[in-house]
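Engineer: File my_file28.pdb below, PDB, C-alpha atoms:
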ATOM      1  CA  MET A   1     152.372   7.102 -39.250
ATOM      2  CA  ASP A   2     151.334  10.326 -41.018
ATOM      3  CA  ILE A   3     147.791  11.395 -41.936
ATOM      4  CA  LYS A   4     147.996  10.123 -45.508
ATOM      5  CA  GLN A   5     149.032   6.672 -44.293
ATOM      6  CA  ILE A   6     146.287   6.686 -41.655
ATOM      7  CA  GLU A   7     143.622   7.615 -44.204
ATOM      8  CA  ARG A   8     144.957   4.959 -46.568
ATOM      9  CA  THR A   9     144.305   2.257 -43.957
ATOM     10  CA  LEU A  10     140.557   2.893 -44.350
ATOM     11  CA  THR A  11     140.659   2.153 -48.074
ATOM     12  CA  LYS A  12     143.208  -0.678 -47.864
ATOM     13  CA  GLU A  13     143.646  -3.134 -44.953
ATOM     14  CA  PHE A  14     140.615  -1.938 -42.970
ATOM     15  CA  SER A  15     138.300  -1.333 -45.901
ATOM     16  CA  LYS A  16     136.130  -4.426 -45.362
ATOM     17  CA  SER A  17     136.082  -4.431 -41.563
ATOM     18  CA  LEU A  18     135.557  -0.692 -41.002
ATOM     19  CA  ARG A  19     134.766   1.393 -44.084
ATOM     20  CA  ASP A  20     132.441  -1.065 -45.866
ATOM     21  CA  LYS A  21     130.518  -1.882 -42.686
ATOM     22  CA  THR A  22     130.027   1.801 -41.928
ATOM     23  CA  ILE A  23     128.726   2.486 -45.421
ATOM     24  CA  LYS A  24     126.413  -0.533 -45.101
ATOM     25  CA  ALA A  25     124.900   0.834 -41.859
ATOM     26  CA  ILE A  26     124.516   4.345 -43.307
ATOM     27  CA  LYS A  27     122.702   3.024 -46.369
ATOM     28  CA  GLU A  28     120.639   0.298 -44.685
ATOM     29  CA  TYR A  29     119.221   2.691 -42.099
ATOM     30  CA  ASN A  30     119.205   5.784 -44.334
ATOM     31  CA  MET A  31     121.290   7.682 -41.784
ATOM     32  CA  ILE A  32     122.629  10.447 -44.014
ATOM     33  CA  GLU A  33     120.614  12.458 -46.520
ATOM     34  CA  SER A  34     121.288  15.402 -48.787
ATOM     35  CA  GLY A  35     121.351  18.685 -46.862
ATOM     36  CA  ASP A  36     122.213  17.105 -43.502
ATOM     37  CA  LYS A  37     124.537  18.960 -41.161
ATOM     38  CA  ILE A  38     125.940  16.395 -38.769
ATOM     39  CA  ALA A  39     127.714  17.007 -35.480
ATOM     40  CA  VAL A  40     130.184  14.165 -35.027
ATOM     41  CA  CYS A  41     130.523  13.809 -31.270
ATOM     42  CA  ILE A  42     134.134  13.371 -30.192
ATOM     43  CA  SER A  43     134.504  11.837 -26.741
ATOM     44  CA  GLY A  44     138.253  11.485 -27.107
ATOM     45  CA  GLY A  45     138.166   7.688 -27.219
ATOM     46  CA  LYS A  46     139.064   5.370 -30.084
ATOM     47  CA  ASP A  47     135.487   4.832 -31.308
ATOM     48  CA  SER A  48     134.620   8.497 -31.834
ATOM     49  CA  MET A  49     137.976   9.281 -33.435
ATOM     50  CA  LEU A  50     137.508   6.427 -35.904
ATOM     51  CA  LEU A  51     133.929   7.560 -36.563
ATOM     52  CA  ALA A  52     135.219  11.035 -37.462
ATOM     53  CA  LYS A  53     137.710   9.649 -39.979
ATOM     54  CA  LEU A  54     135.158   7.291 -41.534
ATOM     55  CA  LEU A  55     132.611  10.075 -41.989
ATOM     56  CA  GLN A  56     135.286  12.334 -43.477
ATOM     57  CA  ASN A  57     136.057   9.509 -45.900
ATOM     58  CA  TYR A  58     132.384   8.955 -46.711
ATOM     59  CA  GLN A  59     131.858  12.670 -47.307
ATOM     60  CA  LYS A  60     134.800  12.691 -49.705
ATOM     61  CA  TYR A  61     133.592   9.798 -51.870
ATOM     62  CA  SER A  62     129.812   9.891 -51.436
ATOM     63  CA  LYS A  63     127.513  11.590 -53.932
ATOM     64  CA  ILE A  64     125.349  12.843 -51.036
ATOM     65  CA  ASP A  65     125.760  16.545 -50.267
ATOM     66  CA  PHE A  66     126.100  16.859 -46.478
ATOM     67  CA  SER A  67     128.333  18.712 -44.041
ATOM     68  CA  LEU A  68     130.182  17.741 -40.873
ATOM     69  CA  ILE A  69     131.356  19.484 -37.740
ATOM     70  CA  PHE A  70     133.337  17.764 -35.006
ATOM     71  CA  LEU A  71     132.044  18.572 -31.548
ATOM     72  CA  ALA A  72     133.827  17.667 -28.326
ATOM     73  CA  MET A  73     132.454  18.290 -24.868
ATOM     74  CA  ASP A  74     135.028  18.923 -22.153
ATOM     75  CA  PRO A  75     133.158  17.631 -19.066
ATOM     76  CA  GLY A  76     135.972  18.663 -16.744
ATOM     77  CA  TYR A  77     139.053  16.964 -18.189
ATOM     78  CA  SER A  78     142.426  17.380 -16.579
ATOM     79  CA  ALA A  79     144.850  19.499 -18.615
ATOM     80  CA  GLU A  80     146.754  16.333 -19.550
ATOM     81  CA  VAL A  81     143.684  14.534 -20.897
ATOM     82  CA  ARG A  82     142.464  17.594 -22.832
ATOM     83  CA  GLU A  83     145.896  18.048 -24.406
ATOM     84  CA  HIS A  84     146.072  14.373 -25.403
ATOM     85  CA  ILE A  85     142.677  14.561 -27.150
ATOM     86  CA  GLU A  86     143.779  17.697 -28.980
ATOM     87  CA  GLN A  87     147.011  15.989 -30.094
ATOM     88  CA  ASN A  88     145.096  12.959 -31.408
ATOM     89  CA  ALA A  89     142.656  15.202 -33.261
ATOM     90  CA  LYS A  90     145.551  17.109 -34.828
ATOM     91  CA  LYS A  91     147.297  13.901 -35.854
ATOM     92  CA  LEU A  92     144.069  12.644 -37.446
ATOM     93  CA  ASP A  93     143.303  15.998 -39.115
ATOM     94  CA  ILE A  94     139.999  16.369 -37.266
ATOM     95  CA  PRO A  95     139.065  20.053 -36.703
ATOM     96  CA  VAL A  96     137.471  19.638 -33.285
ATOM     97  CA  GLU A  97     135.339  22.329 -31.648
ATOM     98  CA  PHE A  98     135.449  22.061 -27.836
ATOM     99  CA  PHE A  99     132.858  23.356 -25.415
ATOM    100  CA  LYS A 100     133.153  23.291 -21.628
ATOM    101  CA  THR A 101     130.763  21.788 -19.038
ATOM    102  CA  ASP A 102     130.927  20.608 -15.408
ATOM    103  CA  VAL A 103     129.444  17.161 -15.981
ATOM    104  CA  LEU A 104     132.146  15.194 -14.146
ATOM    105  CA  ARG A 105     131.937  17.426 -11.068
ATOM    106  CA  ILE A 106     128.131  17.320 -10.980
ATOM    107  CA  VAL A 107     128.011  13.552 -11.407
ATOM    108  CA  GLU A 108     130.622  12.995  -8.718
ATOM    109  CA  ASN A 109     128.673  15.176  -6.258
ATOM    110  CA  HIS A 110     125.185  13.842  -6.979
ATOM    111  CA  SER A 111     125.570  10.313  -8.291
ATOM    112  CA  ALA A 112     128.960   8.988  -7.240
ATOM    113  CA  GLU A 113     127.858   5.372  -6.749
ATOM    114  CA  HIS A 114     125.893   5.016 -10.004
ATOM    115  CA  PRO A 115     127.140   7.814 -12.268
ATOM    116  CA  CYS A 116     126.696   6.309 -15.747
ATOM    117  CA  PHE A 117     122.997   7.042 -16.287
ATOM    118  CA  LEU A 118     123.192  10.666 -15.127
ATOM    119  CA  CYS A 119     126.449  11.258 -16.982
ATOM    120  CA  ALA A 120     125.121   9.849 -20.281
ATOM    121  CA  LYS A 121     121.888  11.821 -19.974
ATOM    122  CA  MET A 122     123.687  15.093 -19.284
ATOM    123  CA  ARG A 123     126.242  14.546 -22.040
ATOM    124  CA  ARG A 124     123.527  13.788 -24.570
ATOM    125  CA  GLY A 125     121.581  16.905 -23.620
ATOM    126  CA  TYR A 126     124.621  19.160 -23.914
ATOM    127  CA  LEU A 127     125.582  17.627 -27.275
ATOM    128  CA  TYR A 128     122.093  18.115 -28.700
ATOM    129  CA  SER A 129     122.014  21.728 -27.471
ATOM    130  CA  GLU A 130     125.419  22.620 -28.866
ATOM    131  CA  ALA A 131     124.694  20.859 -32.170
ATOM    132  CA  LYS A 132     121.424  22.760 -32.517
ATOM    133  CA  LEU A 133     123.204  26.060 -31.821
ATOM    134  CA  ARG A 134     125.408  25.246 -34.814
ATOM    135  CA  SER A 135     122.352  24.537 -37.018
ATOM    136  CA  CYS A 136     122.945  20.783 -37.117
ATOM    137  CA  ASN A 137     120.031  18.408 -37.611
ATOM    138  CA  LYS A 138     121.833  15.226 -36.552
ATOM    139  CA  ILE A 139     124.443  14.063 -34.072
ATOM    140  CA  ALA A 140     126.606  11.008 -34.754
ATOM    141  CA  LEU A 141     127.852   8.815 -31.915
ATOM    142  CA  GLY A 142     130.565   6.154 -31.995
ATOM    143  CA  HIS A 143     128.614   3.191 -30.590
ATOM    144  CA  HIS A 144     129.496  -0.039 -32.391
ATOM    145  CA  TYR A 145     128.159  -3.582 -32.834
ATOM    146  CA  ASP A 146     129.518  -4.807 -29.492
ATOM    147  CA  ASP A 147     127.836  -1.902 -27.675
ATOM    148  CA  ALA A 148     124.558  -2.821 -29.383
ATOM    149  CA  ILE A 149     124.532  -6.496 -28.414
ATOM    150  CA  GLU A 150     125.702  -5.749 -24.879
ATOM    151  CA  THR A 151     122.811  -3.301 -24.492
ATOM    152  CA  VAL A 152     120.272  -5.996 -25.422
ATOM    153  CA  LEU A 153     121.491  -8.337 -22.670
ATOM    154  CA  LEU A 154     121.946  -5.511 -20.158
ATOM    155  CA  SER A 155     118.332  -4.451 -20.603
ATOM    156  CA  ILE A 156     117.045  -8.016 -20.214
ATOM    157  CA  ILE A 157     119.214  -9.167 -17.312
ATOM    158  CA  TYR A 158     119.457  -5.955 -15.279
ATOM    159  CA  GLY A 159     116.582  -3.852 -16.619
ATOM    160  CA  GLY A 160     113.889  -6.523 -16.857
ATOM    161  CA  GLN A 161     112.858  -5.364 -20.330
ATOM    162  CA  VAL A 162     113.739  -5.884 -23.966
ATOM    163  CA  GLN A 163     115.413  -2.811 -25.418
ATOM    164  CA  ALA A 164     117.833  -2.236 -28.276
ATOM    165  CA  MET A 165     120.382   0.468 -28.972
ATOM    166  CA  LEU A 166     118.798   1.829 -32.149
ATOM    167  CA  PRO A 167     120.986   2.745 -35.134
ATOM    168  CA  ARG A 168     118.894   5.859 -35.709
ATOM    169  CA  LEU A 169     116.781   7.749 -33.188
ATOM    170  CA  ARG A 170     114.608  10.863 -33.355
ATOM    171  CA  SER A 171     115.092  13.171 -30.366
ATOM    172  CA  LYS A 172     112.077  13.614 -28.100
ATOM    173  CA  ASN A 173     113.315  16.848 -26.556
ATOM    174  CA  TYR A 174     114.918  18.656 -29.479
ATOM    175  CA  ASP A 175     112.761  19.371 -32.524
ATOM    176  CA  ASP A 176     114.081  18.210 -35.890
ATOM    177  CA  MET A 177     117.121  16.519 -34.325
ATOM    178  CA  GLU A 178     118.204  12.917 -34.811
ATOM    179  CA  LEU A 179     120.906  10.667 -33.435
ATOM    180  CA  ILE A 180     122.733   8.251 -35.764
ATOM    181  CA  ARG A 181     125.218   5.441 -35.054
ATOM    182  CA  PRO A 182     127.191   4.766 -38.270
ATOM    183  CA  LEU A 183     129.499   2.198 -36.581
ATOM    184  CA  TYR A 184     126.510  -0.053 -35.854
ATOM    185  CA  PHE A 185     127.986  -3.025 -37.776
ATOM    186  CA  VAL A 186     131.634  -2.420 -36.809
ATOM    187  CA  ARG A 187     133.295  -4.782 -34.324
ATOM    188  CA  GLU A 188     135.248  -3.418 -31.371
ATOM    189  CA  LYS A 189     138.220  -5.701 -32.069
ATOM    190  CA  ASP A 190     138.580  -4.108 -35.504
ATOM    191  CA  VAL A 191     138.500  -0.611 -33.985
ATOM    192  CA  THR A 192     141.273  -1.659 -31.596
ATOM    193  CA  ALA A 193     143.302  -3.186 -34.437
ATOM    194  CA  TRP A 194     143.010   0.051 -36.419
ATOM    195  CA  THR A 195     144.205   2.224 -33.519
ATOM    196  CA  LYS A 196     147.233  -0.031 -33.003
ATOM    197  CA  THR A 197     148.078   0.059 -36.706
ATOM    198  CA  CYS A 198     147.817   3.859 -36.686
ATOM    199  CA  GLU A 199     149.919   4.060 -33.484
ATOM    200  CA  LEU A 200     147.233   5.940 -31.574
ATOM    201  CA  THR A 201     146.955   5.994 -27.789
ATOM    202  CA  PHE A 202     144.069   7.078 -25.584
ATOM    203  CA  MET A 203     143.741   8.132 -21.951
ATOM    204  CA  PRO A 204     140.921   7.585 -19.418
ATOM    205  CA  CYS A 205     138.599  10.589 -19.421
ATOM    206  CA  GLY A 206     138.634  11.067 -15.651
ATOM    207  CA  CYS A 207     135.182   9.572 -15.097
ATOM    208  CA  PRO A 208     134.945   7.798 -11.700
ATOM    209  CA  VAL A 209     133.797   4.635 -13.501
ATOM    210  CA  SER A 210     136.638   4.549 -16.026
ATOM    211  CA  GLU A 211     139.106   3.718 -13.263
ATOM    212  CA  LYS A 212     137.214   0.503 -12.525
ATOM    213  CA  LYS A 213     135.908  -0.203 -16.030
ATOM    214  CA  ASP A 214     136.549  -3.940 -15.632
ATOM    215  CA  ASP A 215     134.158  -4.051 -12.663
ATOM    216  CA  THR A 216     130.949  -2.721 -14.226
ATOM    217  CA  LYS A 217     127.736  -4.405 -15.349
ATOM    218  CA  ARG A 218     128.663  -3.777 -18.978
ATOM    219  CA  ALA A 219     132.067  -5.404 -18.451
ATOM    220  CA  GLU A 220     130.295  -8.372 -16.869
ATOM    221  CA  ILE A 221     127.981  -8.686 -19.889
ATOM    222  CA  LYS A 222     130.957  -8.343 -22.244
ATOM    223  CA  ARG A 223     132.647 -11.321 -20.539
ATOM    224  CA  LEU A 224     129.410 -13.327 -20.649
ATOM    225  CA  ILE A 225     129.017 -12.778 -24.375
ATOM    226  CA  ALA A 226     132.662 -13.673 -25.010
ATOM    227  CA  ASN A 227     132.270 -16.926 -23.076
ATOM    228  CA  LEU A 228     129.095 -17.852 -24.967
ATOM    229  CA  ALA A 229     130.609 -16.900 -28.337
ATOM    230  CA  ALA A 230     133.592 -19.147 -27.620
ATOM    231  CA  LEU A 231     131.150 -22.073 -27.552
ATOM    232  CA  ASN A 232     128.964 -20.863 -30.434
ATOM    233  CA  PRO A 233     130.188 -18.101 -32.801
ATOM    234  CA  GLN A 234     126.599 -17.436 -33.904
ATOM    235  CA  ILE A 235     125.655 -16.202 -30.418
ATOM    236  CA  GLU A 236     126.567 -12.549 -31.071
ATOM    237  CA  ALA A 237     124.549 -12.293 -34.281
ATOM    238  CA  ASN A 238     121.636 -14.084 -32.600
ATOM    239  CA  ILE A 239     121.514 -11.491 -29.811
ATOM    240  CA  LEU A 240     121.099  -8.613 -32.251
ATOM    241  CA  ASN A 241     118.760 -10.580 -34.506
ATOM    242  CA  SER A 242     116.496 -11.227 -31.514
ATOM    243  CA  VAL A 243     115.517  -7.549 -31.425
ATOM    244  CA  LYS A 244     115.222  -7.293 -35.208
ATOM    245  CA  SER A 245     112.424  -9.834 -35.532
ATOM    246  CA  VAL A 246     110.286  -9.709 -32.400
ATOM    247  CA  ASP A 247     107.061 -11.686 -32.874
ATOM    248  CA  VAL A 248     104.549  -9.795 -30.696
ATOM    249  CA  GLU A 249     102.151 -12.736 -30.918
ATOM    250  CA  LYS A 250     104.605 -14.727 -28.812
ATOM    251  CA  VAL A 251     105.398 -12.252 -26.045
ATOM    252  CA  ILE A 252     103.430 -11.776 -22.840
ATOM    253  CA  GLY A 253     103.252  -8.017 -23.135
ATOM    254  CA  TRP A 254     104.640  -5.008 -24.963
ATOM    255  CA  ARG A 255     104.569  -1.228 -24.690
ATOM    256  CA  ILE A 256     104.388   1.588 -27.216
ATOM    257  CA  GLY A 257     105.674   4.793 -25.666
ATOM    258  CA  LYS A 258     105.231   5.319 -21.940
ATOM    259  CA  ASN A 259     101.491   4.835 -21.594
ATOM    260  CA  GLU A 260     100.266   2.438 -24.279
ATOM    261  CA  ASN A 261     100.510  -1.049 -22.767
ATOM    262  CA  HIS A 262      99.402  -4.291 -24.417
ATOM    263  CA  SER A 263      99.028  -7.898 -23.289
ATOM    264  CA  PHE A 264      98.714 -11.203 -25.126
ATOM    265  CA  LEU A 265      95.293 -11.373 -23.400
ATOM    266  CA  ASP A 266      94.118  -8.523 -25.655
ATOM    267  CA  ARG A 267      93.609 -11.142 -28.380
ATOM    268  CA  PHE A 268      91.305 -13.314 -26.279
TER     269      PHE A 268
END
Would you give me this structure, written as structure tokens?
Structural biologist:
Amino acid sequence: MDIKQIERTLTKEFSKSLRDKTIKAIKEYNMIESGDKIAVCISGGKDSMLLAKLLQNYQKYSKIDFSLIFLAMDPGYSAEVREHIEQNAKKLDIPVEFFKTDVLRIVENHSAEHPCFLCAKMRRGYLYSEAKLRSCNKIALGHHYDDAIETVLLSIIYGGQVQAMLPRLRSKNYDDMELIRPLYFVREKDVTAWTKTCELTFMPCGCPVSEKKDDTKRAEIKRLIANLAALNPQIEANILNSVKSVDVEKVIGWRIGKNENHSFLDRF
């Protein structure tokens, strides 16, 4: 399938499931404004590649004047993995800018048993820094609906707190920088269907966790949600809705920032 056919899929068979849902998220959460320069973060996986094409499409048809760059961090890929990402980017007509780091080596040496937190934190920091060097004011990540609902249950069951993966987030460490997640309403199954239609393939990044991705806490939560949704299709929407309409009068306690703690007893 050539690039014209691939781009046509976003306005034809995948218009409702991918393009329309992305536009809905962008507009509902006011993610993109005139004058924005957005670094689209390319991890090399299916989600970020789709995100790049959808934002290219939105830029083409939107009346908002904004610019895009496509930023890919090489955390220590093998030559084979790096080449495969470059081939996919070329096939999709995504002009990727690579920058090199040692994230995989550092994580393996210092956090081999539980690498995900350190890896994500380091990646995010590097992406913000590189985006800022290129005068960007926002970075766009490819997290989708399934990532969002899994995060809610992960935080409750394993973190002992209620937290959501926000569709838009202001950086605490980088002035005038924001993170946006335009795929917030897109389902993972539709991303997978699109990649198969477009005849795209993807390789593991070399992360020590990717080799056992079916044996992680997130994979466990993914299976739990699938089992519950098989019994009640409304389950998935309910999980996300639960963090959209929190009634603080019916929770035992809540926190604003790191130091401002409240209790239901404050009202007595």
Engineer: May I ask for the distance between atom CA of Thr9 of chain A and atom CA of Leu92 of chain A, given in Å to one decimal place?
Structural biologist: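 A separation of 12.3 Å between them.
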Engineer: If I take atom CA of Ala25 of chain A and atom CA of Arg168 of chain A, how far is one from the other in Å, to one decimal?
Structural biologist: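 Separating atom CA of Ala25 of chain A from atom CA of Arg168 of chain A is a distance of 10.0 Å.
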Engineer: For this structure, which residues satisfy the selection - the PyMOL selection byres ((chain A and resi 45) around 12) - when it is evaluated on the file as given? I want them as JSON, numbers by chain.
Structural biologist: {"A": [41, 42, 43, 44, 46, 47, 48, 49, 50, 51, 52, 72, 81, 82, 84, 85, 86, 88, 89, 141, 142, 143, 191, 192, 195, 200, 201, 202, 203, 204, 205, 210]}
Engineer: Please dump the current selection as a CSV table (one decimal), in the frame of the given file; keep C-alpha atoms.
Structural biologist:
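Just written: selection.csv:
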chain,number,residue,atom,x,y,z
A,41,CYS,CA,130.5,13.8,-31.3
A,42,ILE,CA,134.1,13.4,-30.2
A,43,SER,CA,134.5,11.8,-26.7
A,44,GLY,CA,138.3,11.5,-27.1
A,46,LYS,CA,139.1,5.4,-30.1
A,47,ASP,CA,135.5,4.8,-31.3
A,48,SER,CA,134.6,8.5,-31.8
A,49,MET,CA,138.0,9.3,-33.4
A,50,LEU,CA,137.5,6.4,-35.9
A,51,LEU,CA,133.9,7.6,-36.6
A,52,ALA,CA,135.2,11.0,-37.5
A,72,ALA,CA,133.8,17.7,-28.3
A,81,VAL,CA,143.7,14.5,-20.9
A,82,ARG,CA,142.5,17.6,-22.8
A,84,HIS,CA,146.1,14.4,-25.4
A,85,ILE,CA,142.7,14.6,-27.2
A,86,GLU,CA,143.8,17.7,-29.0
A,88,ASN,CA,145.1,13.0,-31.4
A,89,ALA,CA,142.7,15.2,-33.3
A,141,LEU,CA,127.9,8.8,-31.9
A,142,GLY,CA,130.6,6.2,-32.0
A,143,HIS,CA,128.6,3.2,-30.6
A,191,VAL,CA,138.5,-0.6,-34.0
A,192,THR,CA,141.3,-1.7,-31.6
A,195,THR,CA,144.2,2.2,-33.5
A,200,LEU,CA,147.2,5.9,-31.6
A,201,THR,CA,147.0,6.0,-27.8
A,202,PHE,CA,144.1,7.1,-25.6
A,203,MET,CA,143.7,8.1,-22.0
A,204,PRO,CA,140.9,7.6,-19.4
A,205,CYS,CA,138.6,10.6,-19.4
A,210,SER,CA,136.6,4.5,-16.0
Engineer: Any idea what the distance is between atom CA of Met177 of chain A and atom CA of Phe70 of chain A?
Structural biologist: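 These two atoms are separated by 16.3 Å.
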Engineer: So that I can see what lies close to Met1 of chain A, please list as a CSV table (one decimal) with C-alpha atoms, in the frame of the given file the residues with an atom at most 9 Å from it, counting only C-alpha atoms and leaving out residues fewer than 3 positions away in the same chain.
Structural biologist:
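Full text of result27.csv as output:
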chain,number,residue,atom,x,y,z
A,4,LYS,CA,148.0,10.1,-45.5
A,5,GLN,CA,149.0,6.7,-44.3
A,6,ILE,CA,146.3,6.7,-41.7
A,197,THR,CA,148.1,0.1,-36.7
A,198,CYS,CA,147.8,3.9,-36.7
A,199,GLU,CA,149.9,4.1,-33.5
Engineer: Between A:Tyr128, A:Tyr58, A:Tyr174, A:Tyr29, which is the closest to Leu71 of chain A once you count all atoms listed in the file?
Structural biologist: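 Using all atoms listed in the file, Leu71 of chain A sits closest to A:Tyr128.
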Engineer: From the options A:Lys244, A:Arg255, A:Lys37, A:Arg218, which residue's atoms come nearest to Arg134 of chain A, counting only C-alpha atoms?
Structural biologist: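 Among the listed residues, the smallest separation from Arg134 of chain A belongs to A:Lys37.
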Engineer: Please list as a PyMOL selection string every residue within 12 Å of Ser171 of chain A, counting all atoms listed in the file and excluding residues in the same chain fewer than 3 positions away.
Structural biologist: chain A and resi 124-125+127-129+132+137-139+168+174-180
Engineer: Quick one: apply the PyMOL selection byres ((chain A and resi 99) around 10) to the file and drop the selected residues here as a PyMOL selection string.
Structural biologist: chain A and resi 71-75+96-98+100-101+126-127+130
Engineer: I need the residue set behind the PyMOL selection byres ((chain A and resi 220-235) around 10) for this file; please write it as a PyMOL selection string.
Structural biologist: chain A and resi 146-147+149-154+157+213-219+236-241
Engineer: May I have the residues within 12 Å of Leu265 of chain A as a count of residues only, using all atoms listed in the file and disregarding those fewer than 6 positions away in the same chain?
Structural biologist: 7
Engineer: Here is a test: counting all atoms listed in the file, which residue of A:Gln56, A:Lys63, A:Asp2, A:Lys121 is nearest to Ala39 of chain A?
Structural biologist: A:Gln56
Engineer: So, counting only C-alpha atoms, which residue among A:Glu80, A:Val40, A:Leu55, A:Gln87 is closest to Ala140 of chain A?
Structural biologist: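 That would be A:Val40, the residue with the smallest distance to Ala140 of chain A.
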Engineer: Could you check which of A:Lys189, A:Arg123, A:Arg105, A:Lys60 is closest to Leu18 of chain A, using all atoms listed in the file?
Structural biologist: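 When distances to Leu18 of chain A are compared using all atoms listed in the file, the smallest one comes from A:Lys189.
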